[in-house]
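To keep things clear, I will list the structure first and then write my remarks on it.
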Amino acid sequence: MIEAIGNTPLIRLREASEATGCDIYGKAEFMNPGGSVKDRAALAIIEDAFKRGLLKEGGTVVEGTAGNTGIGLTLVAQAMGCKAVIVVPETQSKEKLDFLRMIGADLRLVPAKPYRDPGNYVHVSRRLAEETGGFWANQFDNTANREGHRHSTAPEIWSQLDGKIDAFTCSCGTGGTLAGIALGLRDQATQSGVKAPEIVLADPEGSGLYGWVTQNDLSVSGGSITEGIGQSRVTANLDGSAPDHAERIPDAEALKHVFNLTAHEGLSVGGSSGINIASAVRTARRLGPGHRIVTILCDGGARYQSKLFNTEFLKGKGLPTPPWL
Ligand code: PMP
């Protein structure tokens, strides 16, 4: 199972490429065994904890997550003879919660609270780990997360495109994916003596990171139905990643890409992938034709059937619906 994580295909996104005259590629992270990009972070964090003696066979991993990290951690923990206790805000999609129960996570649902509130899922998970003697994965501030991407995802992308990459863009939850790939691509560029790709942070509405990159101001407005992304602080994983540029993407623009990709290219992805593709398209337009842009297809659409593919839910929010439903 551990060996099935990573080495995912890099798929050229036809419509986005043709519309912009660029080559836009999506790294198919939904093909990981737990169905998301977070399998890589889960593996990197657990392997690091084993190496440091913080976790042993028979031990317990405790973490607060929007769902995907919980799925990855539970599967990797079980493959390595451990157990997982997963704290999730109750607003996350039913499909992710059902999946966590199905695979045997010890699931603890908590009300959704901002980070500054002690009832926030991250703080609940830290206290639970302290009280029970479990290992707290701490995906937001444990930089084993970004190091995993730096040493797996980034070199994979580099070799899949022979180092010819003009820009990389993706959204952030912990920032592990964006920062790890940014650092890894910059490492590769330095070793090869070429210019590093431009790094573009893709942000949903309601997140502070767009303001952080563009005006060094983390204040927040609006909101998004996407899950697992958006952040109101500079996590240890994000710190030092120095994105070159940022795009703020409204949900309607992201959903249009999710629906088109499904209908015209046979790729079923979730909302954060839509934010990423929208940002890749905007980056392509800004750079002009002939550039190569890479982004991440973080997880699959089946994880959000009850939201992104529920016409009643979408209409209630004034959002576009999949034309075939
Ligand atoms: N997309 C989805 C669907 C996710 O669950 C997450 C992780 N919470 C991300 C994107 C963001 O990844 P990262 O934590 O590496 O920033």
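In the structure tokens, chains take letters A, B, ... by order of appearance, with residues numbered from 1 within each chain and ligands from 1 in the order shown.
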
I need the residues in segment 99-318 of chain A that are strand (DSSP E) according to DSSP; give them as a count of residues only. 30

Which neighbours of Ser36 of chain A fall inside 7 Å, counting only C-alpha atoms, when residues of the same chain fewer than 5 positions from it are skipped, and could you give them as a PyMOL selection string? chain A and resi 29-31+68+298-299

Hey, which residues come within 10 Å of ligand 1 if we count only C-alpha atoms and all ligand atoms? Could you give them as an mmCIF file with N, CA and C atoms, in the first residue's frame?
data_model
loop_
_atom_site.group_PDB
_atom_site.id
_atom_site.type_symbol
_atom_site.label_atom_id
_atom_site.label_comp_id
_atom_site.auth_asym_id
_atom_site.auth_seq_id
_atom_site.Cartn_x
_atom_site.Cartn_y
_atom_site.Cartn_z
ATOM 1 N N GLU A 29 -3.503 13.406 -8.415
ATOM 2 C CA GLU A 29 -3.345 12.956 -7.021
ATOM 3 C C GLU A 29 -4.571 12.195 -6.504
ATOM 4 N N PHE A 30 -5.709 12.326 -7.225
ATOM 5 C CA PHE A 30 -6.884 11.534 -6.830
ATOM 6 C C PHE A 30 -6.629 10.040 -7.032
ATOM 7 N N GLY A 35 -7.224 8.231 -2.212
ATOM 8 C CA GLY A 35 -8.018 9.082 -3.082
ATOM 9 C C GLY A 35 -7.672 10.557 -3.057
ATOM 10 N N SER A 36 -6.551 10.944 -2.431
ATOM 11 C CA SER A 36 -6.208 12.369 -2.445
ATOM 12 C C SER A 36 -4.717 12.621 -2.298
ATOM 13 N N VAL A 37 -4.371 13.887 -2.557
ATOM 14 C CA VAL A 37 -2.994 14.372 -2.420
ATOM 15 C C VAL A 37 -2.477 14.167 -0.988
ATOM 16 N N LYS A 38 -3.403 14.060 -0.020
ATOM 17 C CA LYS A 38 -2.983 13.999 1.380
ATOM 18 C C LYS A 38 -2.378 12.663 1.786
ATOM 19 N N ASP A 39 -2.484 11.636 0.938
ATOM 20 C CA ASP A 39 -1.786 10.374 1.247
ATOM 21 C C ASP A 39 -0.284 10.624 1.365
ATOM 22 N N ARG A 40 0.223 11.557 0.549
ATOM 23 C CA ARG A 40 1.671 11.824 0.560
ATOM 24 C C ARG A 40 2.096 12.453 1.884
ATOM 25 N N ALA A 41 1.285 13.410 2.360
ATOM 26 C CA ALA A 41 1.598 14.069 3.632
ATOM 27 C C ALA A 41 1.485 13.057 4.770
ATOM 28 N N THR A 65 -8.475 17.221 10.933
ATOM 29 C CA THR A 65 -8.398 17.339 9.467
ATOM 30 C C THR A 65 -9.750 17.653 8.849
ATOM 31 N N ALA A 66 -9.695 18.187 7.618
ATOM 32 C CA ALA A 66 -10.914 18.419 6.842
ATOM 33 C C ALA A 66 -11.415 17.104 6.252
ATOM 34 N N GLY A 67 -10.665 16.018 6.461
ATOM 35 C CA GLY A 67 -11.112 14.692 6.001
ATOM 36 C C GLY A 67 -10.062 13.918 5.242
ATOM 37 N N ASN A 68 -9.484 14.548 4.214
ATOM 38 C CA ASN A 68 -8.560 13.785 3.368
ATOM 39 C C ASN A 68 -7.295 13.359 4.109
ATOM 40 N N THR A 69 -6.743 14.222 4.947
ATOM 41 C CA THR A 69 -5.560 13.821 5.717
ATOM 42 C C THR A 69 -5.927 12.676 6.654
ATOM 43 N N GLY A 70 -7.146 12.739 7.194
ATOM 44 C CA GLY A 70 -7.616 11.681 8.093
ATOM 45 C C GLY A 70 -7.695 10.344 7.377
ATOM 46 N N ILE A 71 -8.174 10.385 6.133
ATOM 47 C CA ILE A 71 -8.269 9.147 5.351
ATOM 48 C C ILE A 71 -6.855 8.609 5.093
ATOM 49 N N LYS A 96 -16.924 12.094 2.920
ATOM 50 C CA LYS A 96 -15.620 11.926 3.578
ATOM 51 C C LYS A 96 -15.801 11.325 4.970
ATOM 52 N N GLN A 139 -0.334 18.359 11.022
ATOM 53 C CA GLN A 139 -0.037 18.577 9.594
ATOM 54 C C GLN A 139 0.205 20.043 9.219
ATOM 55 N N PHE A 140 -0.391 20.980 9.950
ATOM 56 C CA PHE A 140 -0.230 22.393 9.586
ATOM 57 C C PHE A 140 1.185 22.895 9.866
ATOM 58 N N ASN A 145 5.461 17.307 6.467
ATOM 59 C CA ASN A 145 4.421 17.389 5.432
ATOM 60 C C ASN A 145 5.015 17.964 4.130
ATOM 61 N N ARG A 146 5.576 19.159 4.195
ATOM 62 C CA ARG A 146 6.075 19.758 2.941
ATOM 63 C C ARG A 146 7.324 19.038 2.441
ATOM 64 N N HIS A 149 6.432 16.365 0.004
ATOM 65 C CA HIS A 149 6.190 16.860 -1.363
ATOM 66 C C HIS A 149 7.487 17.306 -2.032
ATOM 67 N N CYS A 170 -1.097 26.039 -7.069
ATOM 68 C CA CYS A 170 -2.096 25.238 -6.342
ATOM 69 C C CYS A 170 -2.567 25.984 -5.107
ATOM 70 N N SER A 171 -3.681 25.484 -4.564
ATOM 71 C CA SER A 171 -4.304 26.069 -3.375
ATOM 72 C C SER A 171 -3.677 25.473 -2.118
ATOM 73 N N CYS A 172 -4.006 26.086 -0.970
ATOM 74 C CA CYS A 172 -3.391 25.666 0.295
ATOM 75 C C CYS A 172 -4.425 25.390 1.369
ATOM 76 N N GLY A 173 -4.205 24.303 2.084
ATOM 77 C CA GLY A 173 -4.880 24.074 3.355
ATOM 78 C C GLY A 173 -3.801 24.239 4.417
ATOM 79 N N THR A 174 -2.946 23.225 4.502
ATOM 80 C CA THR A 174 -1.759 23.350 5.362
ATOM 81 C C THR A 174 -0.665 24.132 4.655
ATOM 82 N N GLY A 175 -0.683 24.112 3.315
ATOM 83 C CA GLY A 175 0.392 24.704 2.530
ATOM 84 C C GLY A 175 1.488 23.695 2.206
ATOM 85 N N GLY A 176 1.352 22.469 2.703
ATOM 86 C CA GLY A 176 2.383 21.445 2.463
ATOM 87 C C GLY A 176 2.593 21.173 0.983
ATOM 88 N N THR A 177 1.503 21.102 0.224
ATOM 89 C CA THR A 177 1.622 20.798 -1.203
ATOM 90 C C THR A 177 2.302 21.964 -1.930
ATOM 91 N N LEU A 178 1.770 23.174 -1.746
ATOM 92 C CA LEU A 178 2.323 24.343 -2.454
ATOM 93 C C LEU A 178 3.793 24.569 -2.068
ATOM 94 N N ALA A 179 4.059 24.625 -0.765
ATOM 95 C CA ALA A 179 5.416 24.968 -0.324
ATOM 96 C C ALA A 179 6.400 23.855 -0.663
ATOM 97 N N GLY A 180 5.989 22.605 -0.449
ATOM 98 C CA GLY A 180 6.884 21.478 -0.722
ATOM 99 C C GLY A 180 7.246 21.416 -2.199
ATOM 100 N N ILE A 181 6.246 21.615 -3.060
ATOM 101 C CA ILE A 181 6.521 21.559 -4.498
ATOM 102 C C ILE A 181 7.320 22.798 -4.911
ATOM 103 N N THR A 226 -15.794 25.107 -1.274
ATOM 104 C CA THR A 226 -14.707 24.129 -1.432
ATOM 105 C C THR A 226 -14.246 23.671 -0.049
ATOM 106 N N GLU A 227 -13.682 22.484 0.024
ATOM 107 C CA GLU A 227 -13.233 21.936 1.318
ATOM 108 C C GLU A 227 -11.743 21.654 1.276
ATOM 109 N N GLY A 228 -11.116 21.779 2.445
ATOM 110 C CA GLY A 228 -9.706 21.392 2.574
ATOM 111 C C GLY A 228 -8.739 22.497 2.209
ATOM 112 N N ILE A 229 -9.263 23.635 1.716
ATOM 113 C CA ILE A 229 -8.372 24.733 1.328
ATOM 114 C C ILE A 229 -8.846 26.050 1.930
ATOM 115 N N GLY A 230 -7.939 27.026 1.891
ATOM 116 C CA GLY A 230 -8.197 28.312 2.533
ATOM 117 C C GLY A 230 -7.524 28.304 3.885
ATOM 118 N N GLN A 231 -6.943 29.439 4.249
ATOM 119 C CA GLN A 231 -6.165 29.495 5.478
ATOM 120 C C GLN A 231 -6.108 30.942 5.950
ATOM 121 N N THR A 235 1.162 29.088 8.151
ATOM 122 C CA THR A 235 1.565 27.871 8.871
ATOM 123 C C THR A 235 3.081 27.687 8.736
ATOM 124 N N ASN A 237 4.440 25.203 7.530
ATOM 125 C CA ASN A 237 4.667 24.635 6.193
ATOM 126 C C ASN A 237 4.743 25.709 5.117
ATOM 127 N N LEU A 238 3.914 26.750 5.264
ATOM 128 C CA LEU A 238 3.898 27.823 4.254
ATOM 129 C C LEU A 238 5.067 28.796 4.416
ATOM 130 N N VAL A 269 -13.203 15.394 -10.578
ATOM 131 C CA VAL A 269 -12.371 15.984 -9.512
ATOM 132 C C VAL A 269 -13.225 16.802 -8.547
ATOM 133 N N GLY A 270 -12.649 17.147 -7.404
ATOM 134 C CA GLY A 270 -13.336 17.937 -6.391
ATOM 135 C C GLY A 270 -13.118 19.433 -6.558
ATOM 136 N N GLY A 271 -13.679 20.210 -5.640
ATOM 137 C CA GLY A 271 -13.689 21.674 -5.758
ATOM 138 C C GLY A 271 -12.311 22.313 -5.712
ATOM 139 N N SER A 272 -11.398 21.796 -4.892
ATOM 140 C CA SER A 272 -10.077 22.437 -4.822
ATOM 141 C C SER A 272 -9.336 22.272 -6.145
ATOM 142 N N SER A 273 -9.585 21.163 -6.851
ATOM 143 C CA SER A 273 -8.980 20.987 -8.181
ATOM 144 C C SER A 273 -9.515 22.052 -9.130
ATOM 145 N N GLY A 274 -10.813 22.391 -8.982
ATOM 146 C CA GLY A 274 -11.408 23.439 -9.811
ATOM 147 C C GLY A 274 -10.738 24.779 -9.564
ATOM 148 N N ILE A 275 -10.479 25.099 -8.292
ATOM 149 C CA ILE A 275 -9.777 26.345 -7.945
ATOM 150 C C ILE A 275 -8.388 26.323 -8.603
ATOM 151 N N ASN A 276 -7.734 25.176 -8.538
ATOM 152 C CA ASN A 276 -6.378 25.059 -9.095
ATOM 153 C C ASN A 276 -6.364 25.246 -10.611
ATOM 154 N N ILE A 296 -2.455 20.789 -9.506
ATOM 155 C CA ILE A 296 -2.735 19.542 -8.781
ATOM 156 C C ILE A 296 -4.220 19.208 -8.879
ATOM 157 N N LEU A 297 -4.528 17.953 -9.218
ATOM 158 C CA LEU A 297 -5.906 17.453 -9.141
ATOM 159 C C LEU A 297 -5.984 16.699 -7.811
ATOM 160 N N CYS A 298 -6.449 17.438 -6.761
ATOM 161 C CA CYS A 298 -6.237 16.994 -5.364
ATOM 162 C C CYS A 298 -7.024 15.767 -4.966
ATOM 163 N N ASP A 299 -8.290 15.706 -5.364
ATOM 164 C CA ASP A 299 -9.099 14.523 -5.041
ATOM 165 C C ASP A 299 -10.241 14.404 -6.044
ATOM 166 N N GLY A 300 -11.063 13.349 -5.894
ATOM 167 C CA GLY A 300 -12.088 13.043 -6.898
ATOM 168 C C GLY A 300 -13.455 13.602 -6.543
ATOM 169 N N GLY A 301 -14.309 13.720 -7.568
ATOM 170 C CA GLY A 301 -15.629 14.308 -7.400
ATOM 171 C C GLY A 301 -16.559 13.491 -6.505
ATOM 172 N N ARG A 303 -16.230 12.330 -3.750
ATOM 173 C CA ARG A 303 -16.115 12.752 -2.356
ATOM 174 C C ARG A 303 -17.081 13.903 -2.045
ATOM 175 N N TYR A 304 -17.670 14.519 -3.086
ATOM 176 C CA TYR A 304 -18.520 15.716 -2.888
ATOM 177 C C TYR A 304 -19.863 15.598 -3.601
#

Residues at most 10 Å from Leu107 of chain A, counting only C-alpha atoms, excluding those fewer than 6 positions away in the same chain, as a PyMOL selection string? chain A and resi 70+84-88+97-98+100-101

So that I can check the surroundings of Asp244 of chain A, please list as a list in words every protein, DNA and RNA residue that reaches within 12 Å of it, counting only C-alpha atoms and ignoring chain neighbours fewer than 6 positions away.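 Here the qualifying residues turn out to be Ala167, Phe168, Thr169, Leu178, Ala179, Ala182, Ala196, Pro197, Glu198, Ile199, Val200, Leu201, Ala202, Tyr210, Trp212, Val213, Thr214 and Thr283 of chain A.
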
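Using only C-alpha atoms, the nearest neighbour of Gln92 of chain A within the list A:Met1, A:Leu54, A:Ile225, A:Met80 is A:Ile225.
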
Using DSSP on the backbone coordinates, identify all residues within segment 208-290 of chain A classified as alpha helix (DSSP H); present the result as a JSON list (two decimals) with C-alpha atoms, in the first residue's frame.
[["chain", "number", "residue", "atom", "x", "y", "z"],
["A", 209, "LEU", "CA", -3.60, 33.90, 1.78],
["A", 210, "TYR", "CA", -4.30, 35.91, -1.39],
["A", 211, "GLY", "CA", -3.98, 39.08, 0.72],
["A", 212, "TRP", "CA", -0.86, 37.67, 2.40],
["A", 213, "VAL", "CA", 0.92, 37.23, -0.95],
["A", 214, "THR", "CA", -0.30, 40.42, -2.61],
["A", 215, "GLN", "CA", -0.33, 42.91, 0.30],
["A", 251, "ASP", "CA", -16.52, 29.22, -6.53],
["A", 252, "ALA", "CA", -18.54, 29.72, -9.74],
["A", 253, "GLU", "CA", -15.34, 29.92, -11.81],
["A", 254, "ALA", "CA", -13.89, 26.81, -10.13],
["A", 255, "LEU", "CA", -17.09, 24.80, -10.57],
["A", 256, "LYS", "CA", -17.24, 25.60, -14.30],
["A", 257, "HIS", "CA", -13.85, 23.89, -14.67],
["A", 258, "VAL", "CA", -14.91, 20.91, -12.51],
["A", 259, "PHE", "CA", -18.03, 20.36, -14.64],
["A", 260, "ASN", "CA", -16.26, 20.86, -17.99],
["A", 261, "LEU", "CA", -13.45, 18.52, -17.02],
["A", 262, "THR", "CA", -15.98, 15.82, -16.13],
["A", 263, "ALA", "CA", -18.17, 16.26, -19.22],
["A", 264, "HIS", "CA", -15.45, 16.79, -21.85],
["A", 265, "GLU", "CA", -12.33, 15.05, -20.54],
["A", 271, "GLY", "CA", -13.69, 21.67, -5.76],
["A", 272, "SER", "CA", -10.08, 22.44, -4.82],
["A", 273, "SER", "CA", -8.98, 20.99, -8.18],
["A", 274, "GLY", "CA", -11.41, 23.44, -9.81],
["A", 275, "ILE", "CA", -9.78, 26.34, -7.95],
["A", 276, "ASN", "CA", -6.38, 25.06, -9.10],
["A", 277, "ILE", "CA", -7.36, 24.72, -12.77],
["A", 278, "ALA", "CA", -8.96, 28.19, -12.75],
["A", 279, "SER", "CA", -5.72, 29.60, -11.38],
["A", 280, "ALA", "CA", -3.68, 27.70, -14.00],
["A", 281, "VAL", "CA", -5.89, 29.17, -16.76],
["A", 282, "ARG", "CA", -5.53, 32.71, -15.37],
["A", 283, "THR", "CA", -1.76, 32.20, -15.10],
["A", 284, "ALA", "CA", -1.64, 30.96, -18.71],
["A", 285, "ARG", "CA", -3.53, 34.09, -19.86],
["A", 286, "ARG", "CA", -1.18, 36.33, -17.90],
["A", 287, "LEU", "CA", 2.01, 34.67, -19.21]]

Would you work out the distance separating atom CA of Ala129 of chain A from atom CA of Thr60 of chain A, expressed in Å to one decimal? 8.7 Å

Non-local contacts of Glu156 of chain A (12 Å; only C-alpha atoms; under 5 positions in same chain excluded) as a PyMOL selection string: chain A and resi 6-10+27-29+148-151+161-163+181+184-185+188+294

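Across the model, the gap from atom CA of Leu73 of chain A to atom CA of Val124 of chain A is 17.1 Å.
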
Could you tell me which of A:Arg248, A:Lys51, A:Ala77, A:Gly290 comes closest to Ser17 of chain A if we count only C-alpha atoms?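 Among A:Arg248, A:Lys51, A:Ala77, A:Gly290, it is A:Gly290 that comes nearest to Ser17 of chain A.
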
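Between atom CA of Ala189 of chain A and atom CA of Glu147 of chain A there is a distance of 16.9 Å.
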
For Phe135 of chain A, list every protein, DNA or RNA residue within 10 Å, evaluated using only C-alpha atoms, and leave out those in the same chain fewer than 2 positions away; present the list as an NGL selection string. :A and (46 or 49 or 54-56 or 59-63 or 84-85 or 126 or 128-130 or 132-133 or 137-138)

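Restricting the calculation to only C-alpha atoms, the smallest distance between Asn310 of chain A and any of A:Asp23, A:Ala105, A:Ser93, A:His291 is found for A:Ser93.
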
Using only C-alpha atoms, the best pick from A:Leu319, A:Ala144, A:Cys22, A:Ala242 as closest to Phe50 of chain A would be A:Ala144
